[in-house]
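Undergrad: Here you go, final_5.txt (compact mmCIF, C-alpha atoms):
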# COMPACT_ATOMS: atom_id res chain seq x y z
CA MET A 129 110.60 175.71 78.97
CA ASN A 130 107.24 174.90 77.41
CA SER A 131 105.45 177.59 75.44
CA PRO A 132 102.09 178.76 76.87
CA LEU A 133 100.73 178.08 73.37
CA ASP A 134 101.72 174.40 73.30
CA TRP A 135 98.25 173.26 74.32
CA ILE A 136 96.68 175.43 71.61
CA ARG A 137 98.94 173.94 68.95
CA ALA A 138 98.22 170.43 70.18
CA ALA A 139 94.48 171.10 70.03
CA ALA A 140 94.87 172.42 66.46
CA ALA A 141 96.77 169.31 65.41
CA SER A 142 94.07 167.10 66.94
CA ARG A 143 91.34 169.01 65.08
CA ASP A 144 93.20 168.68 61.79
CA ALA A 145 93.60 164.94 62.21
CA ALA A 146 89.89 164.53 62.92
CA GLY A 147 88.81 166.71 60.00
CA LEU A 148 87.23 169.25 62.35
CA THR A 149 89.25 172.39 61.61
CA ARG A 150 87.23 175.46 60.65
CA ARG A 151 88.71 178.11 58.40
CA LEU A 152 87.42 181.50 57.33
CA THR A 153 86.56 181.71 53.63
CA THR A 154 86.14 185.14 52.10
CA THR A 155 83.04 185.54 49.97
CA LYS A 156 82.99 188.16 47.23
CA ALA A 157 79.90 189.73 45.74
CA GLY A 158 78.40 187.40 43.16
CA ASP A 159 80.67 184.56 44.25
CA GLY A 160 78.69 181.49 43.27
CA LEU A 161 75.18 180.28 43.93
CA ASP A 162 74.46 180.59 47.64
CA LEU A 163 72.82 177.60 49.36
CA ALA A 164 74.75 178.13 52.58
CA GLY A 165 73.76 181.53 53.94
CA ASN A 166 70.65 182.48 55.87
CA ASP A 167 69.30 185.20 53.56
CA TYR A 168 66.17 183.10 53.08
CA LEU A 169 64.03 185.69 51.30
CA GLY A 170 66.87 187.18 49.25
CA LEU A 171 66.32 190.58 50.86
CA ARG A 172 69.89 191.38 51.90
CA THR A 173 70.58 192.98 48.53
CA HIS A 174 67.04 194.09 47.75
CA PRO A 175 67.06 197.74 46.58
CA ALA A 176 64.52 198.78 49.21
CA VAL A 177 66.54 197.16 52.00
CA ILE A 178 69.76 198.80 50.86
CA ALA A 179 67.95 202.13 50.60
CA GLY A 180 66.59 201.67 54.13
CA ALA A 181 70.09 201.06 55.47
CA VAL A 182 71.55 204.05 53.63
CA ALA A 183 68.77 206.41 54.70
CA ALA A 184 69.17 205.39 58.34
CA ALA A 185 72.95 205.84 58.22
CA GLU A 186 72.56 209.27 56.64
CA THR A 187 70.03 210.29 59.28
CA TYR A 188 71.63 208.88 62.42
CA GLY A 189 75.27 208.20 61.49
CA GLY A 190 77.38 205.09 61.63
CA GLY A 191 76.25 203.85 65.02
CA ALA A 192 73.72 204.35 67.80
CA GLY A 193 76.37 206.19 69.80
CA ALA A 194 75.57 204.71 73.20
CA SER A 195 73.75 201.96 75.03
CA ARG A 196 70.02 202.22 74.67
CA LEU A 197 69.51 203.24 78.30
CA VAL A 198 71.84 206.20 77.88
CA SER A 199 71.13 207.92 74.58
CA GLY A 200 71.27 205.04 72.10
CA THR A 201 67.54 204.42 71.71
CA LEU A 202 66.65 206.04 68.39
CA ASP A 203 63.19 206.49 66.96
CA ILE A 204 64.09 203.97 64.28
CA HIS A 205 64.44 201.39 67.06
CA ASP A 206 60.93 202.25 68.20
CA GLU A 207 59.65 201.88 64.64
CA LEU A 208 61.38 198.53 64.24
CA GLU A 209 59.97 197.19 67.50
CA ALA A 210 56.47 198.30 66.48
CA ALA A 211 56.87 196.57 63.11
CA LEU A 212 57.96 193.33 64.79
CA THR A 213 54.94 193.34 67.08
CA GLU A 214 52.74 193.95 64.05
CA LEU A 215 54.26 190.97 62.22
CA THR A 216 54.18 188.52 65.10
CA GLY A 217 51.22 189.66 67.18
CA ALA A 218 53.43 189.83 70.28
CA PRO A 219 52.43 192.52 72.81
CA SER A 220 55.88 194.12 72.86
CA ALA A 221 59.36 193.83 71.39
CA LEU A 222 62.87 194.73 72.50
CA VAL A 223 65.59 194.98 69.86
CA LEU A 224 69.20 194.06 70.70
CA SER A 225 72.43 194.11 68.73
CA THR A 226 72.41 190.39 67.80
CA GLY A 227 70.23 187.33 68.02
CA TYR A 228 72.90 185.80 70.25
CA ALA A 229 72.53 188.71 72.67
CA ALA A 230 68.75 188.33 72.60
CA ASN A 231 69.00 184.72 73.76
CA LEU A 232 71.55 185.56 76.45
CA ALA A 233 69.35 188.41 77.66
CA ALA A 234 66.24 186.27 77.87
CA LEU A 235 67.83 183.32 79.66
CA THR A 236 69.96 185.26 82.12
CA THR A 237 67.10 187.48 83.26
CA LEU A 238 64.22 185.00 83.25
CA ALA A 239 66.05 182.18 85.03
CA ASP A 240 68.17 182.23 88.18
CA ALA A 241 69.36 179.99 91.00
CA GLY A 242 65.73 179.36 91.94
CA THR A 243 64.80 178.07 88.49
CA LEU A 244 64.78 174.73 86.72
CA ILE A 245 65.51 175.00 83.00
CA VAL A 246 64.40 172.17 80.73
CA SER A 247 66.22 172.64 77.43
CA ASP A 248 65.85 170.57 74.27
CA GLU A 249 69.05 168.72 73.40
CA HIS A 250 69.19 170.36 69.96
CA THR A 251 69.01 174.01 71.03
CA HIS A 252 71.40 176.59 69.62
CA ALA A 253 74.70 177.44 71.28
CA SER A 254 73.41 180.88 72.28
CA LEU A 255 70.58 179.28 74.24
CA ILE A 256 72.98 176.81 75.84
CA ASP A 257 75.29 179.66 76.87
CA GLY A 258 72.33 181.57 78.27
CA CYS A 259 71.37 178.54 80.36
CA ARG A 260 74.90 178.26 81.70
CA LEU A 261 75.11 181.94 82.60
CA SER A 262 71.71 181.98 84.28
CA ARG A 263 72.92 180.00 87.34
CA ALA A 264 69.78 177.86 87.07
CA ALA A 265 69.65 174.10 87.39
CA VAL A 266 69.62 172.83 83.81
CA THR A 267 68.22 169.52 82.57
CA VAL A 268 68.32 168.47 78.93
CA SER A 269 65.27 166.88 77.35
CA ARG A 270 65.30 164.47 74.46
CA HIS A 271 64.71 166.19 71.15
CA ASN A 272 61.06 167.09 70.59
CA ASP A 273 60.01 164.61 73.29
CA LEU A 274 57.05 166.29 74.99
CA ASP A 275 56.57 163.44 77.46
CA HIS A 276 60.17 163.77 78.60
CA VAL A 277 59.74 167.52 79.09
CA ALA A 278 56.60 166.89 81.15
CA ASP A 279 58.37 164.27 83.25
CA LEU A 280 61.32 166.55 84.00
CA LEU A 281 59.00 169.38 84.97
CA SER A 282 56.96 167.10 87.24
CA ARG A 283 60.06 166.23 89.27
CA ARG A 284 61.22 169.77 89.86
CA ASP A 285 61.68 171.20 93.35
CA ALA A 286 62.69 174.69 92.18
CA PRO A 287 60.00 177.38 92.63
CA ARG A 288 60.19 178.42 88.98
CA ALA A 289 60.67 176.61 85.67
CA VAL A 290 61.61 177.62 82.12
CA VAL A 291 61.35 175.42 79.04
CA VAL A 292 63.70 176.23 76.17
CA ALA A 293 63.24 175.20 72.54
CA GLU A 294 63.58 176.39 68.96
CA SER A 295 60.47 176.54 66.82
CA ILE A 296 62.50 175.39 63.79
CA TYR A 297 65.83 173.80 64.58
CA SER A 298 68.97 175.05 62.88
CA VAL A 299 70.61 171.66 62.31
CA LEU A 300 67.86 169.18 61.40
CA GLY A 301 65.43 171.83 60.12
CA ASP A 302 62.51 170.17 61.89
CA ALA A 303 59.79 171.92 63.88
CA ALA A 304 59.13 171.74 67.60
CA PRO A 305 55.66 170.76 68.88
CA VAL A 306 55.00 174.43 69.54
CA GLU A 307 51.30 174.25 70.42
CA ASP A 308 51.86 171.35 72.82
CA LEU A 309 54.80 173.10 74.50
CA ILE A 310 52.71 176.24 74.98
CA ALA A 311 49.87 174.21 76.51
CA LEU A 312 52.17 172.18 78.77
CA THR A 313 54.05 175.18 80.14
CA ASP A 314 50.78 177.01 80.75
CA GLU A 315 49.41 174.02 82.64
CA VAL A 316 52.41 173.73 84.99
CA GLY A 317 53.06 177.46 85.42
CA ALA A 318 56.38 177.56 83.54
CA LEU A 319 57.78 180.09 81.11
CA LEU A 320 58.47 178.99 77.55
CA ILE A 321 61.38 180.62 75.75
CA ILE A 322 61.23 179.67 72.10
CA ASP A 323 63.80 180.81 69.56
CA GLU A 324 62.15 181.59 66.21
CA ALA A 325 65.35 182.61 64.42
CA HIS A 326 64.63 180.19 61.56
CA ALA A 327 60.86 180.73 61.54
CA LEU A 328 60.33 184.52 61.52
CA GLY A 329 59.88 185.69 57.96
CA VAL A 330 59.71 182.07 56.83
CA VAL A 331 56.56 180.37 58.16
CA GLY A 332 53.30 181.26 59.84
CA PRO A 333 50.81 183.99 58.98
CA ARG A 334 52.64 186.63 56.91
CA GLY A 335 55.90 185.10 58.11
CA GLY A 336 55.07 185.73 61.77
CA GLY A 337 56.49 182.42 63.00
CA LEU A 338 55.10 179.26 64.54
CA VAL A 339 53.97 180.85 67.81
CA ALA A 340 51.82 183.24 65.78
CA ALA A 341 50.59 180.30 63.70
CA ALA A 342 49.47 178.65 66.94
CA GLY A 343 47.52 181.79 67.85
CA GLN A 344 49.53 182.19 71.05
CA ALA A 345 51.69 185.25 70.36
CA GLY A 346 49.96 187.12 73.18
CA ALA A 347 50.32 184.41 75.83
CA GLU A 348 52.12 186.05 78.76
CA HIS A 349 54.13 182.92 79.64
CA VAL A 350 55.57 182.66 76.10
CA VAL A 351 58.76 184.53 75.22
CA VAL A 352 59.92 184.53 71.59
CA THR A 353 63.46 185.37 70.60
CA GLY A 354 64.59 185.94 67.05
CA THR A 355 67.14 187.45 64.76
CA LEU A 356 67.12 190.08 62.05
CA SER A 357 70.07 188.48 60.28
CA LYS A 358 68.28 185.66 58.49
CA ALA A 359 65.01 186.17 56.61
CA PHE A 360 65.19 189.94 57.20
CA GLY A 361 68.62 190.26 55.59
CA SER A 362 70.10 192.56 58.22
CA GLN A 363 71.64 192.17 61.67
CA GLY A 364 70.33 192.32 65.22
CA GLY A 365 68.04 190.37 67.52
CA ALA A 366 64.77 190.78 69.35
CA VAL A 367 62.85 189.49 72.35
CA LEU A 368 59.08 189.44 71.84
CA SER A 369 57.11 189.17 75.04
CA SER A 370 54.61 190.65 77.45
CA PRO A 371 55.27 194.28 78.48
CA ASP A 372 56.17 193.08 82.01
CA ILE A 373 58.93 190.88 80.67
CA ARG A 374 60.19 193.62 78.35
CA GLU A 375 60.43 195.99 81.31
CA HIS A 376 62.26 193.32 83.29
CA LEU A 377 64.82 192.90 80.49
CA VAL A 378 65.33 196.65 80.13
CA ASN A 379 66.19 196.84 83.82
CA THR A 380 68.15 193.64 84.36
CA ALA A 381 69.49 192.15 81.10
CA ARG A 382 73.23 192.79 80.97
CA PRO A 383 73.49 191.97 77.20
CA PHE A 384 71.04 194.83 76.66
CA ILE A 385 72.05 197.33 79.35
CA TYR A 386 75.79 197.28 78.68
CA ASP A 387 75.74 196.98 74.90
CA THR A 388 75.64 199.77 72.34
CA GLY A 389 72.27 199.99 70.61
CA LEU A 390 71.68 198.31 67.27
CA ALA A 391 73.39 200.23 64.45
CA PRO A 392 70.96 202.54 62.60
CA ALA A 393 71.80 201.04 59.21
CA ALA A 394 70.92 197.55 60.47
CA ALA A 395 67.69 198.82 61.97
CA GLY A 396 66.80 200.62 58.74
CA ALA A 397 67.54 197.56 56.63
CA ALA A 398 65.44 195.28 58.85
CA LEU A 399 62.55 197.74 58.88
CA ALA A 400 62.63 197.94 55.08
CA ALA A 401 62.78 194.13 54.82
CA LEU A 402 59.65 193.86 56.93
CA GLY A 403 57.98 196.24 54.52
CA VAL A 404 59.03 194.20 51.48
CA LEU A 405 57.70 191.02 53.09
CA ALA A 406 54.38 192.71 53.85
CA ASP A 407 54.08 193.82 50.22
CA HIS A 408 55.20 190.48 48.76
CA PRO A 409 53.71 187.59 50.73
CA GLU A 410 54.30 185.37 47.70
CA LEU A 411 57.93 185.17 48.83
CA LEU A 412 56.84 182.66 51.47
CA ASP A 413 55.29 180.32 48.89
CA ARG A 414 58.35 180.56 46.67
CA LEU A 415 60.64 179.81 49.60
CA GLY A 416 58.62 176.76 50.58
CA ALA A 417 58.63 175.40 47.03
CA THR A 418 62.38 175.94 46.69
CA ALA A 419 63.05 174.19 50.01
CA ALA A 420 60.93 171.21 48.98
CA ARG A 421 62.76 170.86 45.64
CA LEU A 422 66.20 170.99 47.28
CA ALA A 423 65.12 168.41 49.84
CA GLU A 424 63.89 166.14 47.06
CA ALA A 425 67.25 166.39 45.30
CA CYS A 426 69.03 165.42 48.52
CA GLY A 427 66.65 162.61 49.39
CA VAL A 428 65.57 164.11 52.69
CA PRO A 429 62.11 165.13 53.95
CA ALA A 430 60.94 168.64 53.12
CA PRO A 431 61.98 170.90 56.00
CA ALA A 432 59.68 172.86 58.27
CA GLY A 433 61.33 176.07 57.12
CA ALA A 434 64.23 176.94 54.84
CA VAL A 435 67.09 174.98 56.40
CA MET A 436 67.81 171.29 55.92
CA SER A 437 70.70 168.93 56.51
CA VAL A 438 71.97 165.73 54.94
CA ARG A 439 73.82 163.19 57.05
CA MET A 440 77.30 162.30 55.76
CA PRO A 441 79.56 159.36 56.67
CA GLY A 442 82.03 161.61 58.49
CA PRO A 443 83.65 165.06 58.69
CA HIS A 444 86.15 164.44 55.89
CA GLU A 445 83.38 163.41 53.51
CA ALA A 446 81.31 166.45 54.47
CA VAL A 447 84.16 168.88 53.81
CA ASP A 448 84.96 167.14 50.53
CA ALA A 449 81.36 167.52 49.38
CA VAL A 450 81.44 171.24 50.19
CA GLU A 451 84.59 171.64 48.08
CA ARG A 452 83.15 169.67 45.18
CA ALA A 453 80.04 171.85 45.24
CA ARG A 454 82.23 174.95 45.29
CA ALA A 455 84.03 173.69 42.17
CA HIS A 456 80.62 173.79 40.46
CA GLY A 457 80.01 177.36 41.64
CA ILE A 458 77.62 176.37 44.43
CA ARG A 459 78.15 177.23 48.08
CA ILE A 460 76.81 174.84 50.68
CA GLY A 461 77.72 174.46 54.32
CA CYS A 462 78.50 171.58 56.60
CA PHE A 463 78.03 170.86 60.28
CA ARG A 464 80.63 168.83 62.14
CA PRO A 465 81.08 168.05 65.82
CA PRO A 466 80.78 169.83 68.17
CA SER A 467 78.18 171.83 66.22
CA THR A 468 75.86 168.83 65.84
CA PRO A 469 74.06 167.67 68.99
CA ASP A 470 74.10 164.04 67.86
CA GLY A 471 77.79 164.06 66.93
CA SER A 472 77.11 163.47 63.23
CA SER A 473 78.58 165.29 60.25
CA ARG A 474 76.06 166.84 57.87
CA LEU A 475 75.78 168.96 54.80
CA ARG A 476 73.71 172.05 55.57
CA LEU A 477 71.64 173.64 52.85
CA THR A 478 69.38 176.65 52.87
CA ALA A 479 66.62 177.56 50.46
CA HIS A 480 66.29 181.07 49.06
CA ALA A 481 63.17 182.65 47.64
CA ASP A 482 65.11 184.58 44.99
CA LEU A 483 66.60 181.44 43.41
CA ASP A 484 65.26 181.18 39.86
CA ASP A 485 64.16 177.90 38.31
CA ALA A 486 67.25 177.45 36.13
CA ASP A 487 69.67 177.92 39.01
CA LEU A 488 67.54 175.73 41.25
CA GLU A 489 67.66 172.83 38.80
CA ARG A 490 71.39 173.30 38.23
CA ALA A 491 71.94 173.16 41.97
CA CYS A 492 69.78 170.06 42.34
CA ALA A 493 71.72 168.25 39.63
CA VAL A 494 74.97 168.92 41.51
CA LEU A 495 73.52 167.98 44.90
CA GLU A 496 72.38 164.62 43.59
CA THR A 497 76.03 163.77 42.88
CA LEU A 498 77.17 164.72 46.38
CA VAL A 499 74.73 162.83 48.58
CA PRO A 500 75.66 159.19 49.31
CA ASP A 501 72.99 156.89 47.88
CA HIS A 502 70.91 160.02 47.19
CA GLY A 503 70.24 160.35 50.94
Starting from the file, lay out its structure as structure tokens.
TA:
Amino acid sequence: MNSPLDWIRAAAASRDAAGLTRRLTTTKAGDGLDLAGNDYLGLRTHPAVIAGAVAAAETYGGGAGASRLVSGTLDIHDELEAALTELTGAPSALVLSTGYAANLAALTTLADAGTLIVSDEHTHASLIDGCRLSRAAVTVSRHNDLDHVADLLSRRDAPRAVVVAESIYSVLGDAAPVEDLIALTDEVGALLIIDEAHALGVVGPRGGGLVAAAGQAGAEHVVVTGTLSKAFGSQGGAVLSSPDIREHLVNTARPFIYDTGLAPAAAGAALAALGVLADHPELLDRLGATAARLAEACGVPAPAGAVMSVRMPGPHEAVDAVERARAHGIRIGCFRPPSTPDGSSRLRLTAHADLDDADLERACAVLETLVPDHG
């Protein structure tokens, strides 16, 4: 009799042969120079951020204790939401337990069977899953192709439409035509859901993101999602929107209604990180300069934010480069199918504002040896 796990073992063998197996690697404190993680501003271990997490845990305990609609909305959640609206200029904010949950909440409540979704082909898995769960008709637009988005919208027969994009994309590190998308969706009466996970705390006025940079944070048809786990060094997600949309999510978004509220320590850490960023706007300039130097070393264009990728010949070569970097005490990441929309294998690097000049140059010297033909 065949084992019910035979198909799982066969799939594992196929992944191994293709060089696509993922394995967990434990990271210890101080374990090498980090060019792989998303702590863009270096705030995860900032004394003020740690103190914010500790103070919140001491005040509220280890968890929120319940879903936010029961008794799990704490005043620190209110403070965090107010701070996010202050940073971005959005009219209101709703904090969830993860950025993934924020995207699921937005898509599954703002699109339904009477909606056409036009989603960029490079959007994050959480947005793709939200589209699938929404029961909407989904069409995929060519990456950053505004004309294609307009054409797909013009042929819709659904009463409602939602356009989905990232302001800065997590694989290529390029920026969406945010202003044009906002104008197009306004013109045709569609909602725009734009994930600013890699833009908040990184670009725009005071780190407020690309929607804020476009001066459109208050537009009622624009919904911004984001995470607290990248530039803000914590954990959690948020939907930034009009008050009407926030109220709609509170009443209908299953990833919000049926989930325990964001842990107090995470809320406290994120709130403190927002304070550090407000007090030290120079972090944004340092981050941009570091990203540009790393891109130069890899022979790729300077990214729109902090994340960049370098195309490799294949998955085996990408994994080998990661291991060679690790041997030099430098941690980098790699993307392999199915994580890359175009099916390529890439090294993934992230800039960090707290990287000093000596470590930056050491990292660049190593990267130059890893990139085929220097890009």
Undergrad: With all atoms listed in the file as the counted atoms, please give the residues lying no more than 8 Å from Ile204 of chain A, apart from itself and same-chain residues fewer than 4 positions off, as a ChimeraX atom specification.
TA: /A:184,208,392,395-396
Undergrad: Rank nothing, just name the residue among A:Gly242, A:Pro441, A:Gly190, A:Gly364 nearest to Val499 of chain A, using only C-alpha atoms.
TA: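 Between A:Gly242, A:Pro441, A:Gly190, A:Gly364, the residue approaching Val499 of chain A most closely is A:Pro441.
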Undergrad: Counting only C-alpha atoms, which residues sit no farther than 10 Å from the position (72.1, 162.2, 68.4) in the file's frame? I'd like them as a list in words.
TA: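 Here the neighbourhood of the point contains Glu249, His250, Arg270, His271, Thr468, Pro469, Asp470, Gly471 and Ser472 of chain A.
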Undergrad: When distances are computed from only C-alpha atoms, which of A:Asn272, A:Ser254, A:Ser220, A:Thr353 shows the smallest separation from Ser369 of chain A?
TA: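 Smallest distance to Ser369 of chain A is found for A:Ser220.
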Undergrad: Around the point (55.5, 182.3, 58.5) in the file's coordinates, collect all residues with an atom within 10 Å, using all atoms listed in the file, and return them as a list in words.
TA: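 I get Leu215, Thr216, His326, Ala327, Leu328, Gly329, Val330, Val331, Gly332, Pro333, Arg334, Gly335, Gly336, Gly337, Leu338, Val339, Ala340, Ala341, Pro409, Leu412, Asp413 and Gly433 of chain A for the residues within 10 Å of that point.
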Undergrad: Have a look at atom CA of Leu133 of chain A and atom CA of Gly258 of chain A and let me know their distance in Å, one decimal.
TA: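 Computed distance, atom CA of Leu133 of chain A to atom CA of Gly258 of chain A, equals 29.0 Å.
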Undergrad: Would you mind listing what lies within 10 Å of Tyr188 of chain A as an MDAnalysis selection string, with all atoms listed in the file counted and same-chain residues fewer than 3 positions away left out?
TA: chainID A and resid 183:185 191:193 202:204 391:393
Undergrad: Can you work out the spacing between atom CA of Val351 of chain A and atom CA of Val367 of chain A in Å, to one decimal?
TA: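 Separation between atom CA of Val351 of chain A and atom CA of Val367 of chain A: 7.0 Å.
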Undergrad: What's around Pro431 of chain A at 12 Å? Count only C-alpha atoms, leave out sequence neighbours fewer than 2 positions away in its own chain, and write the answer as an mmCIF file with C-alpha atoms, in the coordinates of the input.
TA:
data_model
loop_
_atom_site.group_PDB
_atom_site.id
_atom_site.type_symbol
_atom_site.label_atom_id
_atom_site.label_comp_id
_atom_site.auth_asym_id
_atom_site.auth_seq_id
_atom_site.Cartn_x
_atom_site.Cartn_y
_atom_site.Cartn_z
ATOM 1 C CA ILE A 296 62.500 175.390 63.790
ATOM 2 C CA TYR A 297 65.830 173.800 64.580
ATOM 3 C CA SER A 298 68.970 175.050 62.880
ATOM 4 C CA VAL A 299 70.610 171.660 62.310
ATOM 5 C CA LEU A 300 67.860 169.180 61.400
ATOM 6 C CA GLY A 301 65.430 171.830 60.120
ATOM 7 C CA ASP A 302 62.510 170.170 61.890
ATOM 8 C CA ALA A 303 59.790 171.920 63.880
ATOM 9 C CA ALA A 304 59.130 171.740 67.600
ATOM 10 C CA HIS A 326 64.630 180.190 61.560
ATOM 11 C CA ALA A 327 60.860 180.730 61.540
ATOM 12 C CA VAL A 330 59.710 182.070 56.830
ATOM 13 C CA VAL A 331 56.560 180.370 58.160
ATOM 14 C CA LEU A 415 60.640 179.810 49.600
ATOM 15 C CA GLY A 416 58.620 176.760 50.580
ATOM 16 C CA ALA A 417 58.630 175.400 47.030
ATOM 17 C CA THR A 418 62.380 175.940 46.690
ATOM 18 C CA ALA A 419 63.050 174.190 50.010
ATOM 19 C CA ALA A 420 60.930 171.210 48.980
ATOM 20 C CA ARG A 421 62.760 170.860 45.640
ATOM 21 C CA LEU A 422 66.200 170.990 47.280
ATOM 22 C CA ALA A 423 65.120 168.410 49.840
ATOM 23 C CA GLU A 424 63.890 166.140 47.060
ATOM 24 C CA CYS A 426 69.030 165.420 48.520
ATOM 25 C CA GLY A 427 66.650 162.610 49.390
ATOM 26 C CA VAL A 428 65.570 164.110 52.690
ATOM 27 C CA PRO A 429 62.110 165.130 53.950
ATOM 28 C CA GLY A 433 61.330 176.070 57.120
ATOM 29 C CA ALA A 434 64.230 176.940 54.840
ATOM 30 C CA VAL A 435 67.090 174.980 56.400
ATOM 31 C CA MET A 436 67.810 171.290 55.920
ATOM 32 C CA SER A 437 70.700 168.930 56.510
ATOM 33 C CA VAL A 438 71.970 165.730 54.940
ATOM 34 C CA ARG A 476 73.710 172.050 55.570
ATOM 35 C CA LEU A 477 71.640 173.640 52.850
ATOM 36 C CA THR A 478 69.380 176.650 52.870
ATOM 37 C CA ALA A 479 66.620 177.560 50.460
#
Undergrad: Just to confirm, what's the straight-line distance from atom CA of Ala394 of chain A to atom CA of Ser362 of chain A in Å (one decimal)?
TA: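 Distance between the two atoms: 5.5 Å.
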Undergrad: Could the residues of segment 174-254 of chain A that have an atom at most 10 Å from segment 400-407 of chain A be listed as a tab-separated table, each with its closest atom pair and the distance in Å to one decimal, counting all atoms listed in the file and ordered by chain and ascending residue number?
TA:
residue	atom	partner	partner_atom	distance
A:His174	CA	A:Ala401	CA	8.3
A:Pro175	CA	A:Ala400	CA	9.6
A:Ala176	CA	A:Ala400	CA	6.2
A:Val177	CA	A:Ala400	CA	5.0
A:Ile178	CA	A:Ala400	CA	8.3
A:Ala179	CA	A:Ala400	CA	8.1
A:Gly180	CA	A:Ala400	CA	5.5
A:Ala181	CA	A:Ala400	CA	8.1
A:Leu208	CA	A:Leu402	CA	8.8
A:Ala211	CA	A:Leu402	CA	7.3
A:Leu212	CA	A:Leu402	CA	8.1
A:Glu214	CA	A:Leu402	CA	9.9
A:Leu215	CA	A:Leu402	CA	8.1
Undergrad: Rank nothing, just name the residue among A:Arg260, A:Ala345, A:Leu255, A:Leu235 nearest to Ala289 of chain A, using all atoms listed in the file.
TA: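 Counting all atoms listed in the file, the residue closest to Ala289 of chain A is A:Leu235.
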Undergrad: Find the residues around Ala239 of chain A up to 12 Å (only C-alpha atoms counted), leave out those fewer than 2 positions away in its own chain, and share them as a count of residues only.
TA: 37
Undergrad: Using all atoms listed in the file, which of the listed residues (A:Gly227, A:Pro305, A:Gly346, A:Pro371) sits closest to Ala325 of chain A?
TA: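 Ranked by minimum distance to Ala325 of chain A, first place goes to A:Gly227.
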Undergrad: From the set A:Leu163, A:Ala253, A:Ala146, A:Val223, which residue has the shortest atom-to-atom contact distance to Gln363 of chain A, counting only C-alpha atoms?
TA: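 Among A:Leu163, A:Ala253, A:Ala146, A:Val223, it is A:Val223 that comes nearest to Gln363 of chain A.
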Undergrad: Which one of A:Ser247, A:Ser142, A:Ser225, A:Asn379 sits closest to His276 of chain A if you count all atoms listed in the file?
TA: A:Ser247
Undergrad: Quick one: everything within 12 Å of Glu451 of chain A, counting all atoms listed in the file, minus sequence neighbours fewer than 2 positions away in the same chain. Send it as a VMD selection string.
TA: chain A and resid 153 444 to 449 453 to 462 475 494 498
